[in-house]
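Read through the structure below, which is laid out as structure tokens, and then see the notes.
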2 protein chains.
Amino acid sequence: MGITAQQINEAHDRIRPYIHRTPIFTCNTIDQLAGASLFFKCENFQKIGAFKIRGGMNAVLSLTPEERSKGIATHSSGNHAQAIAFAARQTGVKAYIVMPDNSPSVKVNAVKGYGAEVHFCAPNQAAREATLQEIVDKTGAAFIHPYNDDRVITGQATAAKELIEDCAALDFILAPVGGGGLLSGTALSAHYFSPSTGVYAGEPEGAADAILSFKSGKIEKAPFVDTIADGLLTTLGDKTLPIIWTYVKDILLVSEDEIKAALKLVYERMKIVVEPSCVVPLAAVLRNPEIFKGKKVGIILSGGNVDLLKLSGWMS
Amino acid sequence: MGITAQQINEAHDRIRPYIHRTPIFTCNTIDQLAGASLFFKCENFQKIGAFKIRGGMNAVLSLTPEERSKGIATHSSGNHAQAIAFAARQTGVKAYIVMPDNSPSVKVNAVKGYGAEVHFCAPNQAAREATLQEIVDKTGAAFIHPYNDDRVITGQATAAKELIEDCAALDFILAPVGGGGLLSGTALSAHYFSPSTGVYAGEPEGAADAILSFKSGKIEKAPFVDTIADGLLTTLGDKTLPIIWTYVKDILLVSEDEIKAALKLVYERMKIVVEPSCVVPLAAVLRNPEIFKGKKVGIILSGGNVDLLKLSGWMS
């Protein structure tokens, strides 16, 4: 049997002391453009600047004392690396993070700043996995996958749970989809805590793997990859796909221009810093008025860790 | 006699239905850097994206019915133009806005979008004032100055009043200083509602007129003007200077590099969009630990209307 409502509740109790209960923002101008009432769950204000700390924290806090003593390991160049490093520090657990040797120094420094041990590898999936396996073999550290892990999915589910608690009677909730950790958690929370709320995902046309997987029922790759939403490049996993397949209504594609327009709207009108992946669901709402018009819609803004030097290029 | 506590309370009651009560944000990382507890009053989330709506709204709502019937007029290329246009639309009053003919079209469109009548003039102070005078002579519209007006100062005072209400026992409050409307209102609210709270201003070295006026007691011009804090270029007025001279502890200068570093901190760590003028007080806190270390400090983040195309240049 899968993840239960009780497990999500327990995860929430477990991680609550370590995370922010992020605020819900609204924006009249964007509501008018969408013809809908939008409620933005601002995980860009979350610890480490993204929802990922929820899953990372829940995974680390779910370890047995023996597992804790051996440490945790993962491979990531992004928010998951920071989440695991931060969670490890909070709990006094040793963390080993495998990062591609072309990772931006700002990200490497952030992970090191949380006290994690960074191991560099060649920038490809095979090298990542081989380096990780070496560390696990040598140290006995527990591997925490960025999304294909029930403890992680259960942690990510708490973002939608809070949104539902703070915002009654939502017709729909949307989340972006990359590996599907946030989306599957969101779908589970809607299913258990607000069954009348439908869940949609937003996905870039330039990384359109989840929509193919959603249709075929097996994990597919994107036909091509070309998007500024660089947090959404991964494929689904065998734990996230079945949940998404069962509980998500549909996956909505958006173009790069639509992502950029949504990004500009959020910066100019909501005055908050978000990463491009984050606004893909808003772009989907604006593109599909036939679904969302007149509805009460929750949107999970997933994170705000963005390279500010790139921002002007996206806004022009 | 000057502006009273009762007048500030009445202004607050008057404008409350039209404005947001903006949130107070905190940030552990910036607190650690400052060695102080900082409480940021987020007027970047205010209607029209800046505190200016408080003064504009109070001025418009203070008009007599006869004045209202003749409309209001001002000259501004910035946030005050939007504030007056917005306040006029909210109250069904006609607004005439004089804008330099080199104003960015986005700003002109915003003002027109609120239904105001825009009159262009040559981009200099004499042309602004002449064009405004023509309109006032012709229409009988009431001129609302951007800062040198008791109704405006009283409205701006409500930002610090809310900060004081939401955040007890502040040792200090800081605001940026341009024409001094926000700073003089802030100083009055601290004086009346939290007399033990000292008020400081932050000012760019590249627009250092207020500090000279503060020392000499008369309105001075900046020795040179060169700053990204383009909301702080105006000199004090004969209504703002006496209040600042009486109730402000000191004006603290900051360099352009310090403004850029503070801007980057706010974007990267607080994940909010602010304009450069807005972070000048934070830069002053970071530069002067001998004043602020270990203290509880309120900072008014004045606005978030920024040209996003320029942002990357400031962050590099």
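FYI, nothing fancy with the structure tokens labels: chains A, B, ... in order, residues from 1 per chain, ligands from 1 as they appear.
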From a DSSP calculation on the backbone, collect every residue of region 94-203 of chain A in strand (DSSP E or B) and output the set as a list in words.
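Here is the list: Ala95, Tyr96, Ile97, Val98, Met99, Pro100, Glu117, Val118, His119, Phe120, Cys121, Ala142, Phe143, Phe172, Ile173, Leu174, Ala175, Pro176, Gly198, Val199, Tyr200, Ala201, Gly202 and Glu203 of chain A.
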Wanna dump the chain A-chain B contacts at 10 Å for me, each residue with its shortest atom pair and the distance in Å to one decimal, counting only C-alpha atoms, ordered by chain and number, as a Markdown table?
| residue | atom | partner | partner_atom | distance |
| --- | --- | --- | --- | --- |
| A:Cys27 | CA | B:Phe45 | CA | 9.9 |
| A:Asn28 | CA | B:Lys47 | CA | 10.0 |
| A:Asn44 | CA | B:Lys271 | CA | 6.8 |
| A:Phe45 | CA | B:Lys271 | CA | 6.5 |
| A:Gln46 | CA | B:Lys271 | CA | 9.7 |
| A:Lys47 | CA | B:Arg269 | CA | 9.9 |
| A:Ile48 | CA | B:Arg269 | CA | 8.9 |
| A:Gly49 | CA | B:Lys271 | CA | 7.8 |
| A:Lys264 | CA | B:Leu308 | CA | 8.7 |
| A:Val266 | CA | B:Val273 | CA | 9.7 |
| A:Tyr267 | CA | B:Val273 | CA | 6.6 |
| A:Glu268 | CA | B:Asn305 | CA | 7.4 |
| A:Arg269 | CA | B:Gly49 | CA | 7.9 |
| A:Met270 | CA | B:Phe45 | CA | 7.1 |
| A:Lys271 | CA | B:Val273 | CA | 4.6 |
| A:Ile272 | CA | B:Ile272 | CA | 4.2 |
| A:Val273 | CA | B:Lys271 | CA | 4.6 |
| A:Val274 | CA | B:Lys271 | CA | 7.3 |
| A:Gly303 | CA | B:Lys271 | CA | 9.3 |
| A:Gly304 | CA | B:Lys271 | CA | 6.3 |
| A:Asn305 | CA | B:Glu268 | CA | 7.4 |
| A:Val306 | CA | B:Glu268 | CA | 8.1 |
| A:Asp307 | CA | B:Glu268 | CA | 9.0 |
| A:Leu308 | CA | B:Ser312 | CA | 6.0 |
| A:Leu309 | CA | B:Ser312 | CA | 4.5 |
| A:Lys310 | CA | B:Ser312 | CA | 6.8 |
| A:Leu311 | CA | B:Ser312 | CA | 6.4 |
| A:Ser312 | CA | B:Leu309 | CA | 4.5 |
| A:Gly313 | CA | B:Leu309 | CA | 7.5 |
| A:Trp314 | CA | B:Leu309 | CA | 8.9 |
| A:Met315 | CA | B:Leu309 | CA | 6.6 |
| A:Ser316 | CA | B:Leu309 | CA | 6.7 |
Produce a file of the selected residues containing C-alpha atoms, as a CSV table (one decimal), in the first residue's frame.
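Now in part_17.csv:
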chain,number,residue,atom,x,y,z
A,27,CYS,CA,-2.3,39.4,-6.5
A,28,ASN,CA,-5.2,41.4,-7.9
A,44,ASN,CA,10.6,30.6,-2.3
A,45,PHE,CA,10.5,31.9,1.3
A,46,GLN,CA,11.2,28.4,2.7
A,47,LYS,CA,14.4,27.5,4.4
A,48,ILE,CA,17.2,27.0,1.8
A,49,GLY,CA,14.9,28.9,-0.6
A,264,LYS,CA,8.0,38.8,-15.4
A,266,VAL,CA,5.6,37.5,-10.6
A,267,TYR,CA,8.6,39.8,-10.3
A,268,GLU,CA,6.8,43.0,-11.5
A,269,ARG,CA,3.4,42.5,-9.8
A,270,MET,CA,4.0,40.2,-6.8
A,271,LYS,CA,7.5,41.6,-6.1
A,272,ILE,CA,9.0,38.3,-5.1
A,273,VAL,CA,12.1,36.4,-6.3
A,274,VAL,CA,11.3,33.0,-7.9
A,303,GLY,CA,11.5,28.0,-5.0
A,304,GLY,CA,13.5,31.2,-5.4
A,305,ASN,CA,17.1,30.0,-6.0
A,306,VAL,CA,17.9,31.8,-9.2
A,307,ASP,CA,21.0,33.1,-10.9
A,308,LEU,CA,20.3,36.8,-10.7
A,309,LEU,CA,22.8,37.5,-13.5
A,310,LYS,CA,20.6,35.6,-15.9
A,311,LEU,CA,17.4,37.5,-14.9
A,312,SER,CA,17.7,40.5,-17.2
A,313,GLY,CA,18.1,38.2,-20.2
A,314,TRP,CA,14.8,36.4,-19.4
A,315,MET,CA,13.0,39.7,-18.9
A,316,SER,CA,13.9,41.4,-22.2
Find the distance between CA of Ile251 (chain B) and CA of Pro276 (chain B) and write it in Å to one decimal.
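Result for CA of Ile251 (chain B) versus CA of Pro276 (chain B): 17.5 Å, one decimal.
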Nearby residues (only C-alpha atoms) at most 8 Å from region 117-125 of chain B, same-chain spacing under 6 positions excluded, as a count of residues only:
12
Option closest in space to Cys167 (chain B), from B:Phe51, B:Trp245, B:Phe292, B:Phe193 [counting only C-alpha atoms]
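With only C-alpha atoms as the atom set, the closest residue is B:Phe193.
Atom to atom, CA of Pro23 (chain A) and CA of Thr158 (chain A) stand 13.6 Å apart.
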Which residue gives the smallest distance to Asp149 (chain A) among A:Ser37, A:Thr74, A:Asn9, A:Gln82, with only C-alpha atoms counted?
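Smallest distance to Asp149 (chain A) is found for A:Thr74.
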I'd like to know which residues of region 41-280 of chain A are helix (DSSP H, G or I) (by DSSP, run on the backbone); could you write them as a PyMOL selection string?
chain A and resi 43-45+47-49+52-61+65-70+79-91+105-113+125-139+150-166+181-193+205-207+210-216+240-247+256-270+276-280
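Proximity to Ser69 (chain A) was assessed for A:Gly2, A:Gly92, A:Gly198, A:Gly185 counting only C-alpha atoms; the smallest distance is recorded for A:Gly92.
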Please identify all polymer residues within 9 Å of Thr139 (chain B), counting only C-alpha atoms, omitting same-chain residues fewer than 4 positions from it, and present them as a VMD selection string.
chain B and resid 70 to 71 134 to 135
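We find CA of Leu232 (chain B) and CA of Thr26 (chain B) to be spaced 24.5 Å apart.
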Go through A:Ala261, A:Ala207, A:Pro176, A:His20 and flag the residue nearest Val280 (chain A), using only C-alpha atoms for the distances.
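Checking each candidate against Val280 (chain A), we get A:Pro176 as the closest.
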